[in-house]
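Pasting coords23.txt here (compact mmCIF, C-alpha atoms):
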# COMPACT_ATOMS: atom_id res chain seq x y z
CA MET A 270 33.30 -6.26 29.64
CA GLU A 271 31.38 -8.29 32.15
CA ARG A 272 31.17 -11.97 31.53
CA LYS A 273 27.38 -11.83 31.32
CA GLU A 274 27.52 -9.11 28.69
CA PHE A 275 30.18 -10.98 26.77
CA LEU A 276 28.06 -14.12 26.73
CA LYS A 277 25.02 -12.16 25.59
CA ARG A 278 26.91 -10.62 22.70
CA GLY A 279 28.61 -13.86 21.88
CA PHE A 280 25.35 -15.70 21.67
CA SER A 281 23.68 -13.01 19.65
CA ALA A 282 26.52 -13.13 17.13
CA LEU A 283 26.20 -16.88 16.97
CA GLY A 284 22.48 -16.58 16.59
CA PHE A 285 22.87 -14.23 13.68
CA ALA A 286 25.20 -16.61 11.89
CA ALA A 287 22.98 -19.59 12.43
CA ILE A 288 19.56 -18.05 11.83
CA VAL A 289 20.27 -15.39 9.33
CA SER A 290 16.66 -14.87 8.32
CA CYS A 291 15.46 -14.02 11.81
CA SER A 292 14.65 -10.53 12.94
CA ASN A 293 13.66 -8.77 16.10
CA ASN A 294 10.24 -9.80 17.25
CA SER A 295 8.81 -6.30 17.38
CA ILE A 296 8.38 -3.98 14.44
CA ASP A 297 8.05 -0.42 15.63
CA PRO A 298 7.02 2.05 12.98
CA VAL A 299 8.79 5.16 14.18
CA GLU A 300 9.61 8.39 12.47
CA THR A 301 13.21 8.54 11.31
CA ALA A 302 14.46 11.17 13.67
CA GLU A 303 17.71 12.05 15.25
CA THR A 304 17.95 11.05 18.85
CA ALA A 305 20.35 12.33 21.42
CA THR A 306 20.83 10.38 24.60
CA GLY A 307 23.37 12.67 26.25
CA SER A 308 22.47 15.39 28.70
CA THR A 309 22.25 18.98 27.54
CA GLY A 310 21.85 20.35 31.04
CA SER A 311 23.72 23.48 32.02
CA GLY A 312 27.41 23.13 32.69
CA GLY A 313 27.50 19.49 31.74
CA SER A 314 30.79 18.31 30.35
CA CYS A 315 29.33 15.28 28.74
CA THR A 316 29.15 14.91 24.97
CA ILE A 317 25.92 14.21 23.18
CA THR A 318 25.88 10.70 21.85
CA ALA A 319 26.16 10.65 18.09
CA SER A 320 22.87 10.05 16.40
CA GLU A 321 22.39 7.10 14.12
CA THR A 322 19.88 6.42 11.49
CA ALA A 323 17.01 4.32 12.71
CA GLY A 324 18.59 1.39 10.95
CA PRO A 325 16.34 -1.58 10.33
CA PHE A 326 13.39 -0.04 12.15
CA PRO A 327 10.55 0.89 9.86
CA THR A 328 9.24 4.39 9.45
CA ILE A 329 5.73 5.78 9.38
CA VAL A 330 4.69 5.43 5.78
CA PRO A 331 1.85 6.85 3.81
CA GLY A 332 -0.50 4.49 2.06
CA ASN A 333 0.87 3.10 -1.14
CA TYR A 334 -1.26 5.45 -3.22
CA VAL A 335 1.04 8.26 -2.15
CA LEU A 336 3.22 8.62 -5.18
CA ASN A 337 4.66 11.44 -7.23
CA ASP A 338 5.37 9.23 -10.21
CA ILE A 339 2.30 7.10 -10.87
CA THR A 340 3.53 5.77 -14.23
CA SER A 341 4.62 2.37 -12.88
CA ASP A 342 5.20 0.07 -15.88
CA ARG A 343 2.88 1.93 -18.30
CA THR A 344 4.27 3.55 -21.43
CA GLY A 345 3.14 6.68 -23.23
CA ASN A 346 3.98 10.36 -23.62
CA LYS A 347 5.15 11.82 -20.35
CA LEU A 348 2.62 14.12 -18.70
CA THR A 349 3.31 16.24 -15.64
CA VAL A 350 0.04 16.93 -13.84
CA LYS A 351 -0.08 20.08 -11.72
CA ILE A 352 -3.33 20.62 -9.87
CA THR A 353 -3.98 23.58 -7.62
CA ILE A 354 -6.76 23.36 -5.04
CA GLN A 355 -8.51 26.55 -3.94
CA ASN A 356 -11.05 27.03 -1.17
CA LYS A 357 -14.22 28.87 -2.15
CA ASN A 358 -15.04 29.39 1.53
CA ASN A 359 -11.78 31.25 2.08
CA SER A 360 -11.79 33.83 -0.72
CA CYS A 361 -10.55 31.23 -3.20
CA THR A 362 -7.13 31.09 -1.58
CA ALA A 363 -4.94 28.01 -1.76
CA LEU A 364 -6.07 25.01 0.28
CA ALA A 365 -3.07 23.45 1.96
CA ALA A 366 -2.88 19.91 3.39
CA ALA A 367 -5.73 18.60 1.25
CA LEU A 368 -5.44 14.99 0.05
CA VAL A 369 -5.75 14.69 -3.72
CA ASP A 370 -6.31 11.32 -5.40
CA ILE A 371 -6.02 11.01 -9.15
CA TRP A 372 -6.47 8.02 -11.43
CA HIS A 373 -6.72 7.51 -15.16
CA CYS A 374 -6.50 4.82 -17.81
CA ASP A 375 -3.39 3.77 -19.75
CA ALA A 376 -2.65 4.28 -23.46
CA THR A 377 -5.05 1.52 -24.48
CA GLY A 378 -7.86 2.53 -22.15
CA ASN A 379 -7.32 0.15 -19.22
CA TYR A 380 -7.41 1.01 -15.53
CA SER A 381 -5.27 -0.77 -12.99
CA GLN A 382 -6.85 -3.45 -10.84
CA TYR A 383 -9.74 -2.12 -8.86
CA GLY A 384 -10.79 -5.01 -6.70
CA GLY A 385 -10.42 -8.64 -5.93
CA SER A 386 -10.38 -10.58 -2.72
CA GLY A 387 -7.45 -12.81 -3.62
CA MET A 388 -3.92 -12.89 -2.32
CA GLN A 389 -1.69 -9.93 -2.92
CA SER A 390 2.07 -9.93 -3.15
CA THR A 391 4.42 -7.72 -1.18
CA ASN A 392 5.82 -6.85 -4.61
CA TYR A 393 2.74 -4.89 -5.64
CA GLN A 394 4.27 -2.16 -7.79
CA LYS A 395 2.70 -3.04 -11.10
CA VAL A 396 -0.82 -3.52 -9.80
CA ASN A 397 -1.58 0.09 -8.99
CA PHE A 398 -0.45 1.86 -12.12
CA LEU A 399 -1.74 5.34 -12.91
CA ARG A 400 -3.25 5.93 -9.48
CA GLY A 401 -1.77 8.26 -6.92
CA ARG A 402 -2.27 10.54 -3.96
CA GLN A 403 -0.51 13.72 -2.93
CA THR A 404 -1.04 16.30 -0.20
CA THR A 405 -1.29 19.93 -1.30
CA ASP A 406 1.52 22.28 -0.30
CA ALA A 407 1.14 25.82 1.05
CA ASN A 408 0.21 26.96 -2.47
CA GLY A 409 -2.50 24.33 -2.76
CA LEU A 410 -0.43 22.53 -5.38
CA VAL A 411 0.07 18.82 -6.05
CA THR A 412 2.30 17.49 -8.82
CA PHE A 413 2.23 14.04 -10.38
CA THR A 414 4.35 12.48 -13.08
CA SER A 415 2.32 10.26 -15.37
CA ILE A 416 1.57 9.59 -19.01
CA TYR A 417 -0.99 11.20 -21.27
CA PRO A 418 -4.19 9.19 -20.63
CA GLY A 419 -5.62 7.02 -23.38
CA TRP A 420 -9.34 6.67 -23.94
CA TYR A 421 -12.00 3.99 -23.80
CA SER A 422 -15.22 3.60 -25.67
CA GLY A 423 -18.02 5.97 -24.71
CA ARG A 424 -15.91 8.46 -22.78
CA ALA A 425 -13.86 11.49 -23.72
CA PRO A 426 -10.26 11.41 -22.40
CA HIS A 427 -10.19 12.37 -18.72
CA ILE A 428 -8.44 12.15 -15.36
CA HIS A 429 -10.47 11.39 -12.23
CA VAL A 430 -9.79 13.57 -9.20
CA HIS A 431 -11.05 13.15 -5.64
CA ILE A 432 -10.21 15.85 -3.10
CA TYR A 433 -10.38 15.25 0.66
CA ASN A 434 -9.53 17.43 3.62
CA ALA A 435 -6.61 16.50 5.85
CA SER A 436 -8.77 14.16 7.95
CA GLY A 437 -10.05 12.29 4.93
CA LYS A 438 -13.47 13.92 4.56
CA SER A 439 -14.54 14.05 0.95
CA LEU A 440 -14.74 17.56 -0.49
CA LEU A 441 -15.21 17.00 -4.21
CA VAL A 442 -15.14 14.29 -6.85
CA THR A 443 -14.50 15.62 -10.31
CA GLN A 444 -12.82 14.91 -13.63
CA ILE A 445 -10.35 16.83 -15.76
CA ALA A 446 -11.06 17.16 -19.49
CA PHE A 447 -8.43 17.42 -22.23
CA PRO A 448 -8.22 19.75 -25.25
CA GLU A 449 -9.35 17.60 -28.18
CA ALA A 450 -6.72 18.90 -30.63
CA THR A 451 -3.90 17.86 -28.28
CA SER A 452 -5.42 14.41 -27.68
CA ALA A 453 -5.76 13.90 -31.43
CA LEU A 454 -2.03 14.52 -31.91
CA VAL A 455 -1.13 12.11 -29.09
CA TYR A 456 -3.44 9.34 -30.27
CA ALA A 457 -1.99 9.49 -33.80
CA GLN A 458 1.45 8.28 -32.69
CA GLY A 459 3.48 6.01 -30.45
CA VAL A 460 1.85 3.45 -28.18
CA TYR A 461 -1.52 5.21 -28.63
CA LYS A 462 -1.65 4.78 -32.42
CA SER A 463 -2.96 1.21 -32.58
CA HIS A 464 -5.93 2.16 -30.36
CA GLY A 465 -6.88 4.98 -32.74
CA GLN A 466 -8.67 8.26 -32.08
CA ALA A 467 -11.10 8.78 -29.18
CA ASP A 468 -14.67 7.90 -30.12
CA THR A 469 -16.31 10.48 -27.85
CA THR A 470 -15.89 14.27 -27.96
CA ASN A 471 -16.13 16.43 -24.87
CA ALA A 472 -19.43 17.83 -26.14
CA ARG A 473 -20.95 14.36 -26.53
CA ASP A 474 -19.49 12.97 -23.31
CA ASN A 475 -22.08 12.16 -20.65
CA VAL A 476 -19.88 13.73 -17.95
CA PHE A 477 -18.50 16.76 -19.78
CA GLY A 478 -21.49 17.24 -22.08
CA ASP A 479 -23.02 19.89 -19.81
CA GLY A 480 -19.97 22.08 -20.32
CA VAL A 481 -16.32 21.83 -19.41
CA SER A 482 -15.71 25.43 -18.36
CA THR A 483 -14.47 24.43 -14.91
CA GLU A 484 -13.08 21.08 -15.95
CA MET A 485 -10.91 21.79 -19.00
CA ALA A 486 -7.18 21.49 -18.38
CA THR A 487 -4.48 23.63 -19.90
CA VAL A 488 -2.08 21.28 -21.63
CA THR A 489 1.23 22.46 -23.06
CA GLY A 490 4.03 20.55 -24.75
CA SER A 491 4.37 18.30 -27.77
CA VAL A 492 4.54 14.64 -28.74
CA THR A 493 8.27 15.00 -29.45
CA THR A 494 9.04 16.37 -25.98
CA GLU A 495 6.58 15.97 -23.11
CA PHE A 496 3.35 17.47 -21.85
CA GLU A 497 2.42 19.52 -18.82
CA LEU A 498 -1.12 19.80 -17.53
CA THR A 499 -2.13 22.64 -15.24
CA HIS A 500 -5.55 22.88 -13.70
CA THR A 501 -7.23 24.63 -10.80
CA ILE A 502 -10.02 23.00 -8.84
CA VAL A 503 -12.17 24.99 -6.44
CA VAL A 504 -13.74 23.23 -3.47
CA SER A 505 -15.74 24.28 -0.42
CA ALA A 506 -13.63 23.36 2.57
CA MET B 212 7.62 -38.38 6.22
CA HIS B 213 8.15 -34.74 5.35
CA ARG B 214 5.68 -32.52 3.55
CA ILE B 215 5.97 -29.21 1.75
CA ILE B 216 3.46 -26.83 3.28
CA ARG B 217 2.57 -23.19 3.70
CA LEU B 218 1.52 -21.75 7.03
CA CYS B 219 -1.06 -18.98 7.27
CA TYR B 220 -1.34 -16.55 10.16
CA ARG B 221 -4.47 -14.44 10.44
CA LYS B 222 -3.52 -11.33 12.37
CA ILE B 223 -6.41 -9.33 13.74
CA ILE B 224 -5.97 -5.61 14.30
CA ASP B 225 -8.54 -3.49 16.10
CA SER B 226 -8.91 -0.67 18.61
CA ASN B 227 -7.45 -2.91 21.33
CA SER B 228 -4.19 -3.37 19.42
CA ARG B 229 -1.25 -1.79 21.23
CA GLN B 230 1.86 -2.76 19.27
CA PRO B 231 3.14 0.28 17.33
CA TRP B 232 2.99 -1.52 13.98
CA ASP B 233 -0.56 -2.66 14.65
CA VAL B 234 -1.66 0.83 15.70
CA ALA B 235 -0.11 2.32 12.56
CA VAL B 236 -1.98 -0.20 10.38
CA PHE B 237 -5.18 0.42 12.33
CA ASN B 238 -4.99 4.18 11.79
CA ALA B 239 -3.89 4.02 8.15
CA THR B 240 -6.52 1.49 7.12
CA HIS B 241 -9.32 3.31 8.89
CA LEU B 242 -8.41 6.54 7.09
CA GLU B 243 -8.27 4.67 3.79
CA PHE B 244 -11.60 2.93 4.48
CA TYR B 245 -13.21 6.28 5.28
CA MET B 246 -11.83 7.85 2.09
CA GLN B 247 -12.66 4.94 -0.21
CA ALA B 248 -16.12 4.50 1.30
CA GLN B 249 -16.95 8.10 0.43
CA ARG B 250 -15.69 7.53 -3.09
CA MET B 251 -17.88 4.47 -3.55
CA ASP B 252 -20.86 6.03 -1.80
CA PRO B 253 -20.78 9.73 -2.72
CA ASP B 254 -24.29 10.27 -1.39
CA GLY B 255 -23.23 9.08 2.06
CA MET B 256 -25.97 6.44 2.40
CA PHE B 257 -23.79 3.91 4.19
CA THR B 258 -21.76 4.20 7.37
CA THR B 259 -20.63 0.63 8.11
CA PHE B 260 -18.74 -1.98 6.14
CA GLN B 261 -21.68 -4.34 6.66
CA GLU B 262 -23.91 -2.02 4.66
CA PHE B 263 -21.44 -2.02 1.76
CA SER B 264 -21.28 -5.82 1.99
CA THR B 265 -24.80 -6.31 0.66
CA ASP B 266 -23.15 -5.84 -2.74
CA GLU B 267 -20.45 -8.50 -2.92
CA GLN B 268 -18.46 -6.82 -5.68
CA GLN B 269 -18.60 -3.49 -3.89
CA ALA B 270 -17.37 -5.08 -0.65
CA GLU B 271 -14.50 -6.74 -2.49
CA GLN B 272 -13.48 -3.46 -4.08
CA LEU B 273 -13.63 -1.68 -0.76
CA GLN B 274 -11.43 -4.30 0.92
CA TYR B 275 -8.93 -4.12 -1.91
CA LEU B 276 -8.80 -0.34 -2.00
CA THR B 277 -8.53 -0.13 1.79
CA SER B 278 -5.64 -2.59 1.79
CA ALA B 279 -3.51 0.14 0.18
CA GLY B 280 -3.37 1.83 3.57
CA ALA B 281 -1.61 -1.23 5.01
CA ILE B 282 0.69 -2.24 2.19
CA GLY B 283 3.43 0.25 3.03
CA TYR B 284 3.57 -1.19 6.53
CA ILE B 285 3.39 -4.77 5.30
CA ARG B 286 6.42 -4.10 3.13
CA GLN B 287 8.25 -2.80 6.19
CA LEU B 288 8.06 -6.27 7.68
CA ASN B 289 10.71 -7.22 5.12
CA ASP B 290 8.84 -10.39 4.22
CA ILE B 291 9.07 -11.81 7.76
CA MET B 292 5.72 -12.64 9.37
CA PRO B 293 4.87 -10.68 12.53
CA ASP B 294 4.08 -12.34 15.89
CA ILE B 295 5.02 -15.87 14.84
CA ALA B 296 8.22 -16.64 16.68
CA ASN B 297 10.43 -19.69 16.79
CA THR B 298 11.53 -21.37 20.03
CA TYR B 299 14.21 -18.69 20.39
CA GLU B 300 11.47 -16.04 20.31
CA LYS B 301 12.68 -14.65 17.01
CA LEU B 302 10.44 -13.87 14.08
CA CYS B 303 11.52 -16.20 11.33
CA LEU B 304 8.68 -17.16 9.04
CA PRO B 305 9.18 -15.77 5.53
CA PHE B 306 6.14 -14.63 3.58
CA ARG B 307 5.48 -12.87 0.30
CA ASN B 308 1.73 -13.15 -0.01
CA PHE B 309 -1.04 -11.74 2.10
CA LYS B 310 -4.74 -11.12 2.03
CA PHE B 311 -6.41 -8.11 3.58
CA GLU B 312 -9.84 -8.39 5.17
CA ILE B 313 -12.15 -5.80 6.70
CA ILE B 314 -14.01 -7.60 9.48
CA GLN B 315 -16.02 -4.58 10.52
CA SER B 316 -15.70 -0.84 10.18
CA HIS B 317 -17.57 2.41 10.53
CA ILE B 318 -16.65 5.55 8.60
CA GLU B 319 -16.81 7.81 11.66
CA ASN B 320 -16.72 5.52 14.69
CA LYS B 321 -13.13 4.36 14.51
CA SER B 322 -13.49 2.07 17.53
CA GLN B 323 -15.59 -0.26 15.36
CA HIS B 324 -12.77 -0.64 12.84
CA ARG B 325 -11.47 -4.21 12.83
CA VAL B 326 -9.31 -5.75 10.12
CA ALA B 327 -7.34 -8.93 9.56
CA ILE B 328 -4.23 -9.58 7.53
CA TRP B 329 -3.71 -13.14 6.38
CA PHE B 330 0.01 -13.80 6.01
CA TYR B 331 0.88 -16.81 3.85
CA SER B 332 4.35 -18.27 4.40
CA GLU B 333 6.69 -19.26 1.62
CA PRO B 334 6.88 -23.04 1.13
CA ILE B 335 8.49 -24.79 4.07
CA THR B 336 9.38 -28.41 4.77
CA TRP B 337 7.38 -29.87 7.65
CA ILE B 338 9.51 -32.69 9.05
CA ASP B 339 7.80 -33.66 12.28
CA THR B 340 5.67 -32.42 15.15
CA VAL B 341 7.29 -32.27 18.60
CA GLY B 342 4.75 -31.59 21.31
CA SER B 343 2.81 -28.58 20.06
CA GLN B 344 5.67 -27.43 17.86
CA LEU B 345 6.27 -27.99 14.19
CA LEU B 346 9.77 -29.08 13.27
CA ILE B 347 10.37 -27.34 9.96
CA ALA B 348 13.02 -26.19 7.54
CA TYR B 349 12.65 -23.20 5.26
CA GLY B 350 12.13 -23.99 1.62
CA ASP B 351 11.67 -27.31 -0.09
CA HIS B 352 14.25 -29.77 1.25
CA SER B 353 12.97 -32.84 -0.57
CA GLU B 354 16.32 -33.21 -2.32
CA SER B 355 18.23 -33.20 0.99
CA PHE B 356 15.97 -36.00 2.24
CA ARG B 357 16.83 -38.03 -0.83
CA SER B 358 20.57 -37.38 -0.62
CA GLY B 359 20.83 -37.66 3.16
CA LYS B 360 22.25 -34.16 3.56
CA GLU B 361 22.01 -32.41 6.93
CA ILE B 362 19.24 -29.80 7.08
CA GLU B 363 19.09 -26.74 9.31
CA THR B 364 15.77 -26.81 11.13
CA GLU B 365 13.54 -24.62 13.19
CA MET B 366 10.72 -25.20 15.65
CA ILE B 367 7.57 -23.13 15.57
CA GLU B 368 4.74 -23.23 18.09
CA LEU B 369 1.25 -23.66 16.67
CA VAL B 370 -0.26 -20.56 18.24
CA PRO B 371 -3.89 -19.41 17.84
CA TYR B 372 -4.71 -18.10 14.34
CA LEU B 373 -1.75 -20.00 12.84
CA SER B 374 -2.69 -22.84 10.54
CA ILE B 375 -1.35 -25.02 7.77
CA SER B 376 -3.00 -23.45 4.73
CA HIS B 377 -1.43 -25.30 1.81
CA ILE B 378 0.19 -28.63 1.18
CA ASN B 379 2.08 -29.57 -1.95
CA PRO B 380 1.40 -33.19 -2.93
CA VAL B 381 4.38 -33.23 -5.34
CA GLY B 382 6.80 -32.56 -2.51
CA THR B 383 5.23 -35.26 -0.29
CA GLU B 384 7.74 -38.06 -0.12
CA SER B 385 9.02 -40.14 2.70
Before we go any further, please render this structure as structure tokens.
Amino acid sequence: MERKEFLKRGFSALGFAAIVSCSNNSIDPVETAETATGSTGSGGSCTITASETAGPFPTIVPGNYVLNDITSDRTGNKLTVKITIQNKNNSCTALAAALVDIWHCDATGNYSQYGGSGMQSTNYQKVNFLRGRQTTDANGLVTFTSIYPGWYSGRAPHIHVHIYNASGKSLLVTQIAFPEATSALVYAQGVYKSHGQADTTNARDNVFGDGVSTEMATVTGSVTTEFELTHTIVVSA
Amino acid sequence: MHRIIRLCYRKIIDSNSRQPWDVAVFNATHLEFYMQAQRMDPDGMFTTFQEFSTDEQQAEQLQYLTSAGAIGYIRQLNDIMPDIANTYEKLCLPFRNFKFEIIQSHIENKSQHRVAIWFYSEPITWIDTVGSQLLIAYGDHSESFRSGKEIETEMIELVPYLSISHINPVGTES
């Protein structure tokens, strides 16, 4: 080892011990990918350098809405939400790579924080409960893990859905309605019970009142196990 | 006389930003702004952030919702402030709180997108000022000053957009 190199390493080790909170002064968001620095040219006798994980370097991350499990700290009956997006302009086949945002209220009818210009904490997990984003797969499907939504005065139980194409252009804003008999069973028990039964039926709801034929979800399961919601949304993409 | 303070660094990110982290935040927050703007304005009446800003509550919501595009990257900083280096040119300033601001944006013209992230440091002990550098120690070292214990210190240059944002009168003792 050359003296210069030795000194460099020696000092960096010393630096680490003395200033343990310091980090490199550049944060490069790179994809975690294997890298090979050896030559693969023909006839080479060299060996490809072993790849290492990118270590402390950050990776490209999706926005923090991108979550499979949007439950956060909320409690309630588990609900798996499976939404399939179809494209009317392509013979109603699956629309892949669409961005799907969903959001709904908790068991007592509250939404997570929606605004505010104040300070935020890097520990944000609890702020954005019951909101999430997924990208549709080749079958046009997104899957979220959540809880059965509660209700708030003047509205029938619902999940909001906003569908965008891959570049973020809005395709459709809609809502998913729930079968009233299932909601009644959920709201009679557990963390939902104290809030009581929903005060607005689908028929009297100002959003679903004009008919829920394209907005009604299929919900299977029971309060003693868990629920699964399946729904297909057709957009023009 | 030492004081317990917080430093705030307002980092501006726009189409001229070239650092990979900055570019990632620029792209992610513009996409999020575009998406959230369409959600708040389904009829597509507005194109710029300024137009949304005529309604203060709406502007606040849009800033908050857009910040989600940056938070994943902010967490990747591992609670160490970007750009602000000590005399050894190492990033050292711990932070846990930040504020996200849209300065200007346009849903389609990305080159107009300009945001700022305000990074607020954790409490630090400001011991002295040497030239244009603050002599500081991380955390509240008031007790060490009372007991005469040696304190590990750091020197940080007061660069543009870095300011003392908070001072704690309780910790102000000589």
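Relative to CA of Val326 in chain B, CA of Phe257 in chain B is found at 18.4 Å.
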Worksheet item: Within 12 Å of range 355-368 of chain A, counting only C-alpha atoms, which residues qualify if same-chain residues fewer than 5 places away don't, as number ranges by chain?
Response: A: 331-332, 334-336, 401-411, 430-442, 500-506; B: 242-243, 246
Worksheet item: Residues at most 12 Å from Thr344 in chain A, counting only C-alpha atoms, excluding those fewer than 5 positions away in the same chain, as a ChimeraX atom specification?
Response: /A:339,374-377,398-399,415-419,459-461
Worksheet item: CA of Phe309 in chain B to CA of Ser390 in chain A: how many Å, to one decimal?
Response: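 Between CA of Phe309 in chain B and CA of Ser390 in chain A the gap works out to 6.4 Å.
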Worksheet item: B:Asn227, B:Thr364, B:His213, B:Ile285: which is nearest Asp339 in chain B, counting all atoms listed in the file?
Response: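 For Asp339 in chain B, the nearest of the candidates is B:His213.
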Worksheet item: So how far away is CA of Ser264 in chain B from CA of Tyr331 in chain B, in Å?
Response: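 These atoms are spaced 24.8 Å apart.
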Practice prompt. Report as a ChimeraX atom specification the set of chain B residues whose atoms approach chain A to within 8 Å, with distances computed over only C-alpha atoms.
Written response: /B:230-232,235,239,242-243,245-246,249-250,268,271-276,279-288,290-291,293-294,296,300-304,307-311
Discussion item. Excluding Ile367 in chain B and its own-chain neighbours fewer than 6 positions away, which residues fall within 7 Å of it when counting only C-alpha atoms? Please give them as a list in words.
Written reply: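 Here the answer would be Ala296, Asn297, Thr298, Gln344, Leu345 and Leu346 of chain B.
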Discussion item. Between A:Ala486, A:Gly465, A:Phe477, A:Tyr421, which residue has the minimum interatomic distance to Phe447 in chain A, considering all atoms listed in the file?
Written reply: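 Checking each of A:Ala486, A:Gly465, A:Phe477, A:Tyr421 against Phe447 in chain A, counting all atoms listed in the file, the winner is A:Ala486.
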Worksheet item: What's the 7 Å shell around range 422-429 of chain A, counting all atoms listed in the file, without same-chain residues fewer than 3 positions away, as a ChimeraX atom specification?
Response: /A:371-373,418-419,443-447,467-471,474
